[in-house]
$ cat final20.tsv   # TSV, C-alpha atoms and all ligand atoms
chain	number	residue	atom	x	y	z
A	5	MET	CA	-21.65	62.87	30.73
A	6	SER	CA	-18.85	64.12	28.48
A	7	THR	CA	-17.38	61.98	25.66
A	8	VAL	CA	-13.88	62.66	27.06
A	9	THR	CA	-12.70	61.12	30.33
A	10	ILE	CA	-9.35	61.53	32.06
A	11	TYR	CA	-8.56	58.79	34.56
A	12	GLY	CA	-6.37	59.36	37.61
A	13	PRO	CA	-6.24	61.26	40.89
A	14	ALA	CA	-6.19	65.07	40.69
A	15	PRO	CA	-2.90	65.52	42.66
A	16	SER	CA	-0.90	63.67	39.97
A	17	THR	CA	1.16	66.12	37.91
A	18	TYR	CA	0.54	64.23	34.65
A	19	VAL	CA	-3.20	63.99	35.32
A	20	ARG	CA	-3.25	67.72	35.90
A	21	SER	CA	-1.40	68.31	32.61
A	22	ALA	CA	-3.99	66.27	30.70
A	23	ARG	CA	-6.76	68.27	32.37
A	24	ILE	CA	-5.03	71.55	31.49
A	25	PHE	CA	-4.83	70.44	27.83
A	26	CYS	CA	-8.65	70.04	27.86
A	27	GLU	CA	-9.22	73.30	29.72
A	28	GLU	CA	-6.96	75.27	27.37
A	29	LYS	CA	-8.54	73.69	24.29
A	30	GLY	CA	-12.07	74.23	25.61
A	31	VAL	CA	-12.88	70.50	25.67
A	32	ALA	CA	-15.42	69.30	28.25
A	33	TYR	CA	-14.20	66.24	30.15
A	34	ASP	CA	-14.98	64.05	33.12
A	35	LEU	CA	-12.29	63.27	35.68
A	36	ASN	CA	-12.52	59.71	36.99
A	37	GLN	CA	-10.37	59.44	40.11
A	38	GLU	CA	-11.88	56.14	41.27
A	39	ILE	CA	-9.41	53.85	39.54
A	40	ASP	CA	-7.73	50.64	40.63
A	41	ARG	CA	-4.36	50.85	38.89
A	42	GLU	CA	-3.82	47.11	39.27
A	43	GLY	CA	-7.33	46.08	38.26
A	44	ALA	CA	-8.33	44.55	34.92
A	45	GLU	CA	-10.62	47.45	34.01
A	46	TYR	CA	-7.87	50.06	34.35
A	47	ASN	CA	-5.33	47.71	32.80
A	48	ALA	CA	-7.42	47.69	29.64
A	49	LEU	CA	-6.99	51.48	29.48
A	50	HIS	CA	-3.35	51.61	30.58
A	51	PRO	CA	-1.50	48.28	30.37
A	52	PHE	CA	1.48	49.81	32.23
A	53	GLY	CA	-0.68	50.88	35.18
A	54	ARG	CA	0.49	54.51	35.25
A	55	ILE	CA	-1.68	57.61	35.28
A	56	PRO	CA	-3.33	59.25	33.43
A	57	ALA	CA	-5.37	57.23	30.98
A	58	PHE	CA	-7.74	58.87	28.50
A	59	ARG	CA	-10.95	57.96	26.70
A	60	HIS	CA	-12.73	59.74	23.86
A	61	GLY	CA	-15.84	57.75	22.97
A	62	ASP	CA	-14.55	54.25	22.29
A	63	PHE	CA	-10.95	55.40	21.65
A	64	THR	CA	-8.55	55.01	24.55
A	65	LEU	CA	-5.00	56.30	24.99
A	66	HIS	CA	-2.20	56.59	27.51
A	67	GLU	CA	0.98	58.71	27.71
A	68	THR	CA	0.41	62.35	28.52
A	69	ASP	CA	2.11	63.91	25.50
A	70	ALA	CA	0.22	61.58	23.11
A	71	ILE	CA	-3.01	62.61	24.87
A	72	GLY	CA	-2.12	66.27	24.39
A	73	ARG	CA	-1.31	65.88	20.72
A	74	TYR	CA	-4.55	63.94	20.16
A	75	ILE	CA	-6.67	66.60	21.89
A	76	ASP	CA	-4.96	69.31	19.85
A	77	ARG	CA	-5.56	67.53	16.53
A	78	VAL	CA	-9.11	66.33	17.09
A	79	PHE	CA	-10.84	69.29	18.73
A	80	ASP	CA	-11.39	72.88	17.67
A	81	GLY	CA	-9.91	75.56	19.88
A	82	PRO	CA	-6.64	77.36	20.53
A	83	ALA	CA	-3.52	75.53	19.31
A	84	LEU	CA	-1.60	73.65	21.99
A	85	GLN	CA	1.42	73.13	19.71
A	86	PRO	CA	3.51	75.65	17.76
A	87	SER	CA	3.18	75.64	13.95
A	88	ASP	CA	6.79	76.72	13.36
A	89	PRO	CA	8.92	73.56	12.89
A	90	LYS	CA	11.75	74.79	15.11
A	91	ASN	CA	9.42	75.72	17.94
A	92	LEU	CA	7.64	72.39	17.49
A	93	ALA	CA	11.02	70.65	17.81
A	94	LEU	CA	11.72	72.64	20.98
A	95	MET	CA	8.37	71.52	22.38
A	96	ASP	CA	9.20	67.88	21.55
A	97	LYS	CA	12.64	68.29	23.12
A	98	TRP	CA	11.18	69.62	26.35
A	99	LEU	CA	8.44	66.99	26.55
A	100	THR	CA	11.17	64.35	26.54
A	101	ALA	CA	13.62	66.24	28.76
A	102	ILE	CA	10.99	67.03	31.40
A	103	THR	CA	9.95	63.39	31.63
A	104	ASP	CA	13.43	61.87	31.41
A	105	TYR	CA	15.48	64.33	33.47
A	106	PHE	CA	13.44	66.96	35.30
A	107	TYR	CA	10.71	64.66	36.66
A	108	GLN	CA	13.34	62.37	38.13
A	109	VAL	CA	15.05	65.13	40.12
A	110	ALA	CA	12.14	67.44	40.94
A	111	VAL	CA	9.43	64.86	41.62
A	112	ARG	CA	11.17	61.66	42.70
A	113	GLU	CA	14.07	63.23	44.63
A	114	ILE	CA	12.41	66.32	46.14
A	115	ILE	CA	8.61	66.50	45.83
A	116	TRP	CA	7.94	62.87	46.80
A	117	GLN	CA	10.32	63.23	49.74
A	118	ARG	CA	8.76	66.45	50.99
A	119	PHE	CA	5.08	65.63	50.36
A	120	LEU	CA	4.37	61.94	49.75
A	121	VAL	CA	6.79	60.18	52.10
A	122	PRO	CA	5.57	62.12	55.19
A	123	MET	CA	1.92	61.58	54.17
A	124	GLN	CA	2.68	57.85	54.24
A	125	GLY	CA	4.19	58.15	57.72
A	126	GLY	CA	7.87	58.09	56.65
A	127	GLN	CA	10.78	60.49	57.05
A	128	PRO	CA	12.06	62.49	54.05
A	129	ASP	CA	15.47	61.33	52.85
A	130	GLU	CA	17.39	64.54	53.60
A	131	GLU	CA	20.56	63.29	51.91
A	132	MET	CA	18.65	62.61	48.71
A	133	ILE	CA	17.06	66.07	48.82
A	134	ALA	CA	20.38	67.82	49.50
A	135	ALA	CA	22.04	65.95	46.61
A	136	ALA	CA	19.16	66.89	44.31
A	137	ILE	CA	19.42	70.67	44.84
A	138	PRO	CA	22.47	71.30	42.58
A	139	LYS	CA	20.90	69.08	39.90
A	140	LEU	CA	17.66	71.06	40.19
A	141	ASP	CA	19.58	74.36	39.98
A	142	HIS	CA	21.31	73.17	36.80
A	143	GLN	CA	18.07	71.96	35.19
A	144	LEU	CA	16.12	75.11	36.07
A	145	GLY	CA	19.00	77.16	34.64
A	146	VAL	CA	18.71	75.31	31.32
A	147	ILE	CA	14.93	75.73	31.38
A	148	ALA	CA	15.30	79.47	32.15
A	149	GLY	CA	17.66	79.80	29.16
A	150	ASP	CA	15.04	78.45	26.76
A	151	ILE	CA	12.14	80.34	28.35
A	152	GLY	CA	13.87	83.74	28.14
A	153	ASP	CA	10.96	86.10	28.63
A	154	SER	CA	8.38	83.89	26.90
A	155	TYR	CA	7.71	80.12	26.95
A	156	LEU	CA	9.58	76.83	26.43
A	157	ALA	CA	8.80	76.66	22.71
A	158	GLY	CA	8.08	80.10	21.27
A	159	ASP	CA	5.85	82.96	22.23
A	160	ALA	CA	2.79	80.97	23.35
A	161	PRO	CA	2.32	78.20	25.90
A	162	SER	CA	2.50	74.69	24.44
A	163	LEU	CA	2.09	71.13	25.70
A	164	ALA	CA	5.62	71.31	27.15
A	165	ASP	CA	4.77	74.27	29.39
A	166	TRP	CA	1.63	72.48	30.54
A	167	VAL	CA	3.61	69.36	31.47
A	168	LEU	CA	6.10	71.46	33.43
A	169	VAL	CA	3.69	73.75	35.29
A	170	PRO	CA	2.19	71.13	37.66
A	171	ILE	CA	5.68	70.04	38.75
A	172	VAL	CA	6.76	73.63	39.40
A	173	THR	CA	3.54	74.14	41.42
A	174	TYR	CA	4.71	71.49	43.90
A	175	LEU	CA	8.29	72.77	43.87
A	176	LYS	CA	7.03	76.19	44.92
A	177	GLY	CA	5.33	74.52	47.89
A	178	CYS	CA	8.56	73.26	49.48
A	179	PRO	CA	11.54	75.32	50.66
A	180	GLU	CA	14.17	73.71	48.39
A	181	GLY	CA	12.02	74.18	45.29
A	182	GLU	CA	10.99	77.70	46.18
A	183	GLY	CA	14.65	78.61	46.76
A	184	ALA	CA	15.75	77.12	43.44
A	185	ILE	CA	12.99	78.95	41.54
A	186	ALA	CA	13.91	82.23	43.27
A	187	ARG	CA	17.43	81.77	41.82
A	188	GLN	CA	15.92	81.64	38.30
A	189	PRO	CA	13.73	84.75	37.92
A	190	ALA	CA	12.79	83.78	34.34
A	191	VAL	CA	11.16	80.60	35.66
A	192	GLY	CA	9.29	82.55	38.36
A	193	ALA	CA	8.00	85.05	35.77
A	194	TRP	CA	6.98	82.22	33.39
A	195	PHE	CA	5.14	80.46	36.20
A	196	GLY	CA	3.32	83.66	37.20
A	197	LYS	CA	1.95	84.10	33.66
A	198	LEU	CA	0.70	80.51	33.42
A	199	ALA	CA	-0.68	80.47	36.96
A	200	ALA	CA	-2.86	83.47	36.08
A	201	ARG	CA	-4.77	81.47	33.45
A	202	ASP	CA	-8.18	79.93	34.15
A	203	SER	CA	-6.88	76.42	33.32
A	204	PHE	CA	-4.45	76.64	36.23
A	205	ALA	CA	-7.08	77.51	38.84
A	206	ALA	CA	-9.58	75.01	37.42
A	207	THR	CA	-7.12	72.13	37.88
A	208	MET	CA	-5.34	73.16	41.09
A	209	PRO	CA	-5.21	70.12	43.39
A	210	PRO	CA	-5.49	70.52	47.16
A	211	MET	CA	-1.91	71.32	48.20
A	212	PRO	CA	-0.50	69.08	50.94
A	213	LYS	CA	1.77	70.77	53.46
A	214	ALA	CA	5.46	70.06	52.86
A	215	ALA	CA	7.26	68.44	55.79
A	216	GLU	CA	10.62	69.90	56.85
A	301	LIG	N1	5.04	58.44	30.53
A	301	LIG	C1	3.85	58.55	31.35
A	301	LIG	C2	4.25	58.78	32.78
A	301	LIG	C3	3.07	58.67	33.70
A	301	LIG	C4	3.51	58.60	35.15
A	301	LIG	O1	4.64	58.18	35.47
A	301	LIG	N2	2.60	59.01	36.02
A	301	LIG	C5	2.89	58.94	37.43
A	301	LIG	C6	1.99	59.87	38.23
A	301	LIG	S1	2.29	61.59	38.01
A	301	LIG	C7	2.60	57.54	37.93
A	301	LIG	O2	1.76	56.86	37.38
A	301	LIG	N3	3.30	57.15	38.99
A	301	LIG	C8	3.06	55.92	39.63
A	301	LIG	C9	4.23	54.99	39.57
A	301	LIG	O3	5.34	55.43	39.21
A	301	LIG	O4	4.03	53.82	39.90
A	301	LIG	C10	2.97	59.68	30.82
A	301	LIG	O5	3.48	60.55	30.12
A	301	LIG	O6	1.77	59.67	31.06

$ encode --input "final20.tsv" --output "structure tokens" --more "lines below"
Ligand SMILES: N[C@@H](CCC(=O)N[C@@H](CS)C(=O)NCC(=O)O)C(=O)O
Amino acid sequence: MSTVTIYGPAPSTYVRSARIFCEEKGVAYDLNQEIDREGAEYNALHPFGRIPAFRHGDFTLHETDAIGRYIDRVFDGPALQPSDPKNLALMDKWLTAITDYFYQVAVREIIWQRFLVPMQGGQPDEEMIAAAIPKLDHQLGVIAGDIGDSYLAGDAPSLADWVLVPIVTYLKGCPEGEGAIARQPAVGAWFGKLAARDSFAATMPPMPKAAE
């Protein structure tokens, strides 16, 4: 048994990001998917009931970017954060912007509608999806501008890229997301480079089929 455990189901984008942090850093970890988000045991790890939660020995933590920074500081291995202050600030900016703006549009308004709602027997809200597409186009355009021909925060992948990649994986699996990414070649090229890394394959969840 490893001293590091990540709690949460593998399909979750944030759980996947936490796993990628470990894979990229070379940290062995267990993935515990058997959690009851409303139970007392999980509540002790994550009082807000979200996923993922994290344990290292007797130290526990929640919030994906805090988990990433902790892993980067505590373990030997390749840096997950830039050393240059401006690039570090760009990484911080994107960690916040992805969670506050991009997740809302890409995950809640498109990915959940195309993947999760049908899995639960419902009908995707087509109006919500249609209204989300121009917002997604705008956000991916801003992201493409910062990526250029490298990464979100400098010339190496950082925590911000690893929080974005799992979301883009799902976007590529539904027609609206695939179309929006095709309109931003810099995002497609960035994704191709990250998807070629071992950490991507090692954490790839089973992809549900998108409903149309
Ligand atoms: N700020 C949290 C966000 C975690 C989060 O929202 N995770 C999603 C899964 S990807 C979740 O728990 N969703 C369940 C819900 O919204 O009730 C973090 O960075 O870890």

$ residues_around --input "final20.tsv" --residues "Val31 of chain A" --least-positions-apart "5" --cutoff "12 Å" --atoms "all atoms listed in the file" --output "list in words"
Ser6, Thr7, Val8, Thr9, Ile10, Ala22, Arg23, Ile24, Phe25, Cys26, His60, Gly72, Tyr74, Ile75, Asp76, Val78, Phe79, Asp80, Gly81, Pro82 and Ser203 of chain A

$ write_last_selection --input "final20.tsv" --atoms "C-alpha atoms" --output "JSON list (two decimals), keeping the file's coordinate frame"
[["chain", "number", "residue", "atom", "x", "y", "z"],
["A", 6, "SER", "CA", -18.85, 64.12, 28.48],
["A", 7, "THR", "CA", -17.38, 61.98, 25.66],
["A", 8, "VAL", "CA", -13.88, 62.66, 27.06],
["A", 9, "THR", "CA", -12.70, 61.12, 30.33],
["A", 10, "ILE", "CA", -9.35, 61.53, 32.06],
["A", 22, "ALA", "CA", -3.99, 66.27, 30.70],
["A", 23, "ARG", "CA", -6.76, 68.27, 32.37],
["A", 24, "ILE", "CA", -5.03, 71.55, 31.49],
["A", 25, "PHE", "CA", -4.83, 70.44, 27.83],
["A", 26, "CYS", "CA", -8.65, 70.04, 27.86],
["A", 60, "HIS", "CA", -12.73, 59.74, 23.86],
["A", 72, "GLY", "CA", -2.12, 66.27, 24.39],
["A", 74, "TYR", "CA", -4.55, 63.94, 20.16],
["A", 75, "ILE", "CA", -6.67, 66.60, 21.89],
["A", 76, "ASP", "CA", -4.96, 69.31, 19.85],
["A", 78, "VAL", "CA", -9.11, 66.33, 17.09],
["A", 79, "PHE", "CA", -10.84, 69.29, 18.73],
["A", 80, "ASP", "CA", -11.39, 72.88, 17.67],
["A", 81, "GLY", "CA", -9.91, 75.56, 19.88],
["A", 82, "PRO", "CA", -6.64, 77.36, 20.53],
["A", 203, "SER", "CA", -6.88, 76.42, 33.32]]

$ residues_near_ligand --input "final20.tsv" --ligand "ligand LIG 301 (chain A)" --cutoff "12 Å" --atoms "all atoms listed in the file" --output "ChimeraX atom specification"
/A:10-22,39-42,50-58,65-73,99-104,107-108,110-112,115-116,120,163-164,167-168,170-171,174

$ atom_distance --input "final20.tsv" --atom1 "atom CA of His142 of chain A" --atom2 "atom CA of Ile114 of chain A"
14.6 Å

$ atom_distance --input "final20.tsv" --atom1 "atom CA of Leu92 of chain A" --atom2 "atom CA of Val109 of chain A"
24.9 Å

$ residues_near_point --input "final20.tsv" --point "(8.9, 78.3, 24.6)" --cutoff "8 Å" --atoms "all atoms listed in the file" --output "PyMOL selection string"
chain A and resi 91+94-95+150-151+154-162+165

$ closest_residue --input "final20.tsv" --among "A:Leu198, A:Ala93, A:Ala205, A:Ala214" --to "Val169 of chain A" --atoms "all atoms listed in the file"
A:Leu198

$ atom_distance --input "final20.tsv" --atom1 "atom CA of Gln143 of chain A" --atom2 "atom CA of Gly192 of chain A"
14.1 Å

$ closest_residue --input "final20.tsv" --among "A:Pro210, A:Gly30, A:Pro179, A:Gly125" --to "Leu84 of chain A" --atoms "all atoms listed in the file"
A:Gly30

$ closest_residue --input "final20.tsv" --among "A:Arg118, A:Gly43, A:Glu27, A:Glu38" --to "Thr207 of chain A" --atoms "all atoms listed in the file"
A:Glu27

$ build_atoms --input "final20.tsv" --residues "segment 103-135 of chain A" --atoms "N, CA and C atoms" --output "mmCIF file, keeping the file's coordinate frame"
data_model
loop_
_atom_site.group_PDB
_atom_site.id
_atom_site.type_symbol
_atom_site.label_atom_id
_atom_site.label_comp_id
_atom_site.auth_asym_id
_atom_site.auth_seq_id
_atom_site.Cartn_x
_atom_site.Cartn_y
_atom_site.Cartn_z
ATOM 1 N N THR A 103 10.260 64.728 31.136
ATOM 2 C CA THR A 103 9.950 63.390 31.630
ATOM 3 C C THR A 103 11.203 62.615 32.013
ATOM 4 N N ASP A 104 12.250 62.713 31.187
ATOM 5 C CA ASP A 104 13.430 61.870 31.410
ATOM 6 C C ASP A 104 14.396 62.433 32.453
ATOM 7 N N TYR A 105 14.489 63.758 32.557
ATOM 8 C CA TYR A 105 15.480 64.330 33.470
ATOM 9 C C TYR A 105 14.836 65.092 34.625
ATOM 10 N N PHE A 106 13.956 66.041 34.269
ATOM 11 C CA PHE A 106 13.440 66.960 35.300
ATOM 12 C C PHE A 106 12.517 66.235 36.283
ATOM 13 N N TYR A 107 11.647 65.374 35.780
ATOM 14 C CA TYR A 107 10.710 64.660 36.660
ATOM 15 C C TYR A 107 11.479 63.848 37.697
ATOM 16 N N GLN A 108 12.545 63.205 37.237
ATOM 17 C CA GLN A 108 13.340 62.370 38.130
ATOM 18 C C GLN A 108 13.854 63.172 39.325
ATOM 19 N N VAL A 109 14.453 64.326 39.052
ATOM 20 C CA VAL A 109 15.050 65.130 40.120
ATOM 21 C C VAL A 109 13.965 65.851 40.927
ATOM 22 N N ALA A 110 13.102 66.586 40.229
ATOM 23 C CA ALA A 110 12.140 67.440 40.940
ATOM 24 C C ALA A 110 11.086 66.613 41.677
ATOM 25 N N VAL A 111 10.540 65.607 41.010
ATOM 26 C CA VAL A 111 9.430 64.860 41.620
ATOM 27 C C VAL A 111 9.961 63.737 42.510
ATOM 28 N N ARG A 112 10.771 62.854 41.933
ATOM 29 C CA ARG A 112 11.170 61.660 42.700
ATOM 30 C C ARG A 112 12.130 62.004 43.850
ATOM 31 N N GLU A 113 13.039 62.968 43.616
ATOM 32 C CA GLU A 113 14.070 63.230 44.630
ATOM 33 C C GLU A 113 13.725 64.367 45.586
ATOM 34 N N ILE A 114 12.764 65.202 45.233
ATOM 35 C CA ILE A 114 12.410 66.320 46.140
ATOM 36 C C ILE A 114 10.927 66.267 46.518
ATOM 37 N N ILE A 115 10.044 66.358 45.526
ATOM 38 C CA ILE A 115 8.610 66.500 45.830
ATOM 39 C C ILE A 115 8.081 65.271 46.576
ATOM 40 N N TRP A 116 8.401 64.080 46.101
ATOM 41 C CA TRP A 116 7.940 62.870 46.800
ATOM 42 C C TRP A 116 8.464 62.858 48.223
ATOM 43 N N GLN A 117 9.724 63.259 48.405
ATOM 44 C CA GLN A 117 10.320 63.230 49.740
ATOM 45 C C GLN A 117 9.641 64.228 50.671
ATOM 46 N N ARG A 118 9.339 65.407 50.146
ATOM 47 C CA ARG A 118 8.760 66.450 50.990
ATOM 48 C C ARG A 118 7.247 66.276 51.219
ATOM 49 N N PHE A 119 6.542 65.707 50.237
ATOM 50 C CA PHE A 119 5.080 65.630 50.360
ATOM 51 C C PHE A 119 4.575 64.199 50.607
ATOM 52 N N LEU A 120 5.004 63.270 49.743
ATOM 53 C CA LEU A 120 4.370 61.940 49.750
ATOM 54 C C LEU A 120 4.882 61.066 50.893
ATOM 55 N N VAL A 121 6.202 61.046 51.070
ATOM 56 C CA VAL A 121 6.790 60.180 52.100
ATOM 57 C C VAL A 121 6.205 60.513 53.486
ATOM 58 N N PRO A 122 6.162 61.811 53.876
ATOM 59 C CA PRO A 122 5.570 62.120 55.190
ATOM 60 C C PRO A 122 4.088 61.766 55.270
ATOM 61 N N MET A 123 3.345 61.936 54.144
ATOM 62 C CA MET A 123 1.920 61.580 54.170
ATOM 63 C C MET A 123 1.731 60.090 54.430
ATOM 64 N N GLN A 124 2.755 59.302 54.037
ATOM 65 C CA GLN A 124 2.680 57.850 54.240
ATOM 66 C C GLN A 124 3.333 57.439 55.559
ATOM 67 N N GLY A 125 3.661 58.437 56.390
ATOM 68 C CA GLY A 125 4.190 58.150 57.720
ATOM 69 C C GLY A 125 5.696 57.988 57.772
ATOM 70 N N GLY A 126 6.407 58.266 56.668
ATOM 71 C CA GLY A 126 7.870 58.090 56.650
ATOM 72 C C GLY A 126 8.601 59.410 56.885
ATOM 73 N N GLN A 127 9.908 59.321 56.879
ATOM 74 C CA GLN A 127 10.780 60.490 57.050
ATOM 75 C C GLN A 127 11.406 60.831 55.702
ATOM 76 N N PRO A 128 11.386 62.110 55.308
ATOM 77 C CA PRO A 128 12.060 62.490 54.050
ATOM 78 C C PRO A 128 13.539 62.102 54.088
ATOM 79 N N ASP A 129 14.057 61.675 52.957
ATOM 80 C CA ASP A 129 15.470 61.330 52.850
ATOM 81 C C ASP A 129 16.242 62.637 52.602
ATOM 82 N N GLU A 130 16.756 63.220 53.698
ATOM 83 C CA GLU A 130 17.390 64.540 53.600
ATOM 84 C C GLU A 130 18.639 64.509 52.720
ATOM 85 N N GLU A 131 19.351 63.386 52.753
ATOM 86 C CA GLU A 131 20.560 63.290 51.910
ATOM 87 C C GLU A 131 20.182 63.328 50.439
ATOM 88 N N MET A 132 19.095 62.619 50.104
ATOM 89 C CA MET A 132 18.650 62.610 48.710
ATOM 90 C C MET A 132 18.236 64.015 48.280
ATOM 91 N N ILE A 133 17.519 64.714 49.158
ATOM 92 C CA ILE A 133 17.060 66.070 48.820
ATOM 93 C C ILE A 133 18.263 66.995 48.640
ATOM 94 N N ALA A 134 19.209 66.923 49.582
ATOM 95 C CA ALA A 134 20.380 67.820 49.500
ATOM 96 C C ALA A 134 21.169 67.560 48.209
ATOM 97 N N ALA A 135 21.289 66.279 47.836
ATOM 98 C CA ALA A 135 22.040 65.950 46.610
ATOM 99 C C ALA A 135 21.282 66.394 45.364
#
